[in-house]
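These notes are about the structure you will find just below.
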Amino acid sequence: MSLWTHWRRGAVVALLATAACVPVAERESRPAPPPAAPPVPAPPPPQRVRHDLVLTGAAEQGAVITGRASPGVRSLTLDGAPVPVARDGAFLLGFDRDAGTEAELVATFADGQRIVRPIAVAAGRWRIEHVDAPWRGGATSDADFARRRPAELAAIAAARAKAVESDGWRQAFRWPVTGRLSGFFGAQRIYRGKAGAYHSGTDIAVPAGTPFVAPADGVVTLAAETPFTLEGHLLIVDHGMGLSSAFLHCQRLDVKVGDRVVQGQRLGTVGRTGRATGPHMHWGLTWRGKRLDPGKLAGPIGD
């Protein structure tokens with residue numbers, strides 16, 4: 001073998017050895033690939049809250065019932081008319097003396113859910129009462145009645161339309177005065193042979209000058225210093241949520257418009273002003289234009 005050939009073989013071997021000898025430290029310094037990230041679980045579907053309406057009481061003509069809607073109620077209607085709802089979801093429903101046999105309560109909630117609740121309304125039983133008093137009441141003639149009555153009705157409507165903040169509607173109502181019942185809610189009235197409207201309240205016969213009190217907390221929205229033709233000295237107290245009491249034929253009023261009154265507070269004295277055959281207290285209740293039977297809120301009267 002020639003010297004040249006021997007030298008070439010040595011050079012090739014040395015080159016191969018150099019290429020194969022990569023330092024261990026250099027190999028270990030290479031970064032390892034990052035581990036695969038675990039899969040992210042999909043979020044669970046949101047739980048749909050189930051809303052409800054709870055009603056308490058018997059629905060019948062002339063009566064009221066109470067209710068409570070679960071949180072999130074946005075609007076409430078009874079037969080399409082809006083019903084106010086308190087912050088805690090409580091509300092009141094009234095059924096007129098001439099209410100139909102069925103009503104529909106609809107609640108809409110903020111999340112879009114809607115509850116439609118049909119309500120069966122029981123019929124009332126009404127009397128016929130003959131009253132020995134002129135149909136036009138304290139007016140001197142039919143012409144005088146026609147002249148005075150529109151302003152009186154406007155004043156009554158304005159008083160009942162006022163927005164009042166009061167929790168009196170939540171209370172157990174009491175009678176403003178106790179005595180003999182002389183007129184009944186819902187009765188068809190005949191005044192000396194002439195038919196009038198049905199009796200919109202309950203009459204309690206007591207002597208003139210007998211004090212009467214607030215059946216529940218409220219705000220005075222009307223206090224007629226000049227007697228109205230039919231109602232005489234009329235007082236209206238709003239108990240909140242559109243529920244108001246009217247006290248007719250008063251002899252004297254001890255409160256004025258804007259006064260806040262509490263249950264049991266003296267409001268005035270019983271009289272016989274307006275269309276009345278004798279001294280008595282006419283107590284009427286109205287909820288958002290619907291006439292209600294006071295006895296259904298206050299219970300049996302005590303003598």
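Going by the structure tokens order, chains are called A, B, ..., each with residues numbered from 1, while ligands are numbered from 1 in the order shown.
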
Please identify every residue of segment 162-191 of chain A that has at least one atom no farther than 8 Å from an atom of segment 217-221 of chain A, counting only C-alpha atoms, and for each give the shortest atom pair and the distance in Å to one decimal, arranged by chain then increasing number, as a tab-separated table.
```
residue	atom	partner	partner_atom	distance
A:Lys162	CA	A:Thr221	CA	7.4
A:Val164	CA	A:Val219	CA	7.0
A:Ser166	CA	A:Gly218	CA	5.7
A:Asp167	CA	A:Asp217	CA	6.9
A:Gly168	CA	A:Asp217	CA	4.2
A:Trp169	CA	A:Asp217	CA	7.7
A:Gln171	CA	A:Asp217	CA	7.9
```

Using the selection just defined, write its residues with N, CA and C atoms as an mmCIF file, in the first residue's frame.
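Result went into again10.cif, see below:
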```
data_model
loop_
_atom_site.group_PDB
_atom_site.id
_atom_site.type_symbol
_atom_site.label_atom_id
_atom_site.label_comp_id
_atom_site.auth_asym_id
_atom_site.auth_seq_id
_atom_site.Cartn_x
_atom_site.Cartn_y
_atom_site.Cartn_z
ATOM 1 N N LYS A 162 -104.985 58.972 41.654
ATOM 2 C CA LYS A 162 -103.710 59.377 42.236
ATOM 3 C C LYS A 162 -102.864 58.158 42.580
ATOM 4 N N VAL A 164 -100.477 56.421 44.935
ATOM 5 C CA VAL A 164 -100.210 56.525 46.373
ATOM 6 C C VAL A 164 -99.308 55.378 46.807
ATOM 7 N N SER A 166 -98.460 53.176 49.787
ATOM 8 C CA SER A 166 -98.943 52.739 51.090
ATOM 9 C C SER A 166 -99.004 51.217 51.099
ATOM 10 N N ASP A 167 -98.750 50.634 52.269
ATOM 11 C CA ASP A 167 -98.857 49.184 52.430
ATOM 12 C C ASP A 167 -100.135 48.791 53.147
ATOM 13 N N GLY A 168 -101.090 49.732 53.220
ATOM 14 C CA GLY A 168 -102.341 49.406 53.887
ATOM 15 C C GLY A 168 -103.055 48.213 53.261
ATOM 16 N N TRP A 169 -102.903 48.042 51.961
ATOM 17 C CA TRP A 169 -103.581 46.937 51.263
ATOM 18 C C TRP A 169 -103.127 45.571 51.771
ATOM 19 N N GLN A 171 -102.738 44.828 54.930
ATOM 20 C CA GLN A 171 -103.246 44.597 56.276
ATOM 21 C C GLN A 171 -104.567 43.838 56.261
#
```

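Taking only C-alpha atoms, the non-local environment of Ala159 of chain A within 10 Å (same-chain residues fewer than 6 positions away omitted) comprises A:Leu153, A:Val220, A:Thr221, A:Leu222, A:Ala223, A:Leu235, A:Ile236, A:Val237, A:Asp238, A:Ser244, A:Val257.
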
Strand (DSSP E or B) residues, from DSSP on the backbone, in segment 46-196 of chain A, as a PyMOL selection string
chain A and resi 53-56+60+64-69+73-78+81-82+90-94+102-109+114-120+122+128-131+180-183+188-191+194-196

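The environment of Trp175 of chain A within 10 Å, counting only C-alpha atoms and disregarding residues fewer than 4 places along the same chain, consists of Gly179, Ile204, Phe212, Val213, Ala214, Pro215, Ala216, Gly264, Trp283, Pro294, Gly295, Leu297, Ala298, Gly299, Pro300, Ile301 and Gly302 of chain A.
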
Contacts of segment 87-100 of chain A at 8 Å (only C-alpha atoms; same-chain gap of 2+ positions) as an MDAnalysis selection string:
chainID A and resid 59:71 73 78 83:85 102:103 121 124 186 241 287 290:293

Measure the distance from atom CA of Ser245 of chain A to atom CA of Gly284 of chain A in Å and round it to one decimal.
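Value for the atom CA of Ser245 of chain A-atom CA of Gly284 of chain A distance: 5.6 Å.
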
Per DSSP on the backbone, what are the helix (DSSP H, G or I) residues of segment 43-156 of chain A, as a VMD selection string?
chain A and resid 142 to 156

Contacts of Arg149 of chain A at 10 Å or less, counting only C-alpha atoms, minus same-chain residues fewer than 2 places along, as a PyMOL selection string?
chain A and resi 136+139+144-147+151-155+228-230

Could you give me, as a ChimeraX atom specification, the residues within 12 Å of Gln113 of chain A, counting only C-alpha atoms and dropping anything in the same chain fewer than 6 positions from it?
/A:48-52,70-75,106-107

So, with only C-alpha atoms as the atoms that count, which of A:Pro39, A:Gly278, A:Pro176, A:Gly196 lies closest to Gln263 of chain A?
A:Pro176

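Nearest to Gly242 of chain A of all the residues A:Val270, A:Val177, A:Leu55, A:Ala86 is A:Ala86, counting only C-alpha atoms.
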
Give one line per residue of segment 71-182 of chain A that approaches segment 187-195 of chain A to at most 10 Å, naming the two atoms of the closest pair and their distance in Å to one decimal, counting only C-alpha atoms; sort by chain then ascending residue number and deliver it as a tab-separated table.
```
residue	atom	partner	partner_atom	distance
A:Arg97	CA	A:Ala187	CA	9.9
A:Arg125	CA	A:Ala187	CA	8.7
A:Trp126	CA	A:Ala187	CA	5.0
A:Arg127	CA	A:Ala187	CA	4.4
A:Ile128	CA	A:Gln188	CA	4.7
A:Glu129	CA	A:Arg189	CA	5.0
A:His130	CA	A:Ile190	CA	4.7
A:Val131	CA	A:Tyr191	CA	5.0
A:Asp132	CA	A:Arg192	CA	5.5
A:Ala133	CA	A:Tyr191	CA	5.8
A:Pro134	CA	A:Tyr191	CA	6.1
A:Trp135	CA	A:Tyr191	CA	5.4
A:Arg136	CA	A:Tyr191	CA	9.2
A:Gly137	CA	A:Tyr191	CA	9.8
```

Residues within 8 Å of Arg180 of chain A, only C-alpha atoms, excluding chain neighbours under 2 positions, as JSON, numbers by chain:
{"A": [178, 182, 204, 205, 206, 303]}

Rounded to one decimal in Å, what is the spacing between atom CA of Gln251 of chain A and atom CA of Gly268 of chain A?
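Atom CA of Gly268 of chain A lies at a distance of 7.5 Å from atom CA of Gln251 of chain A.
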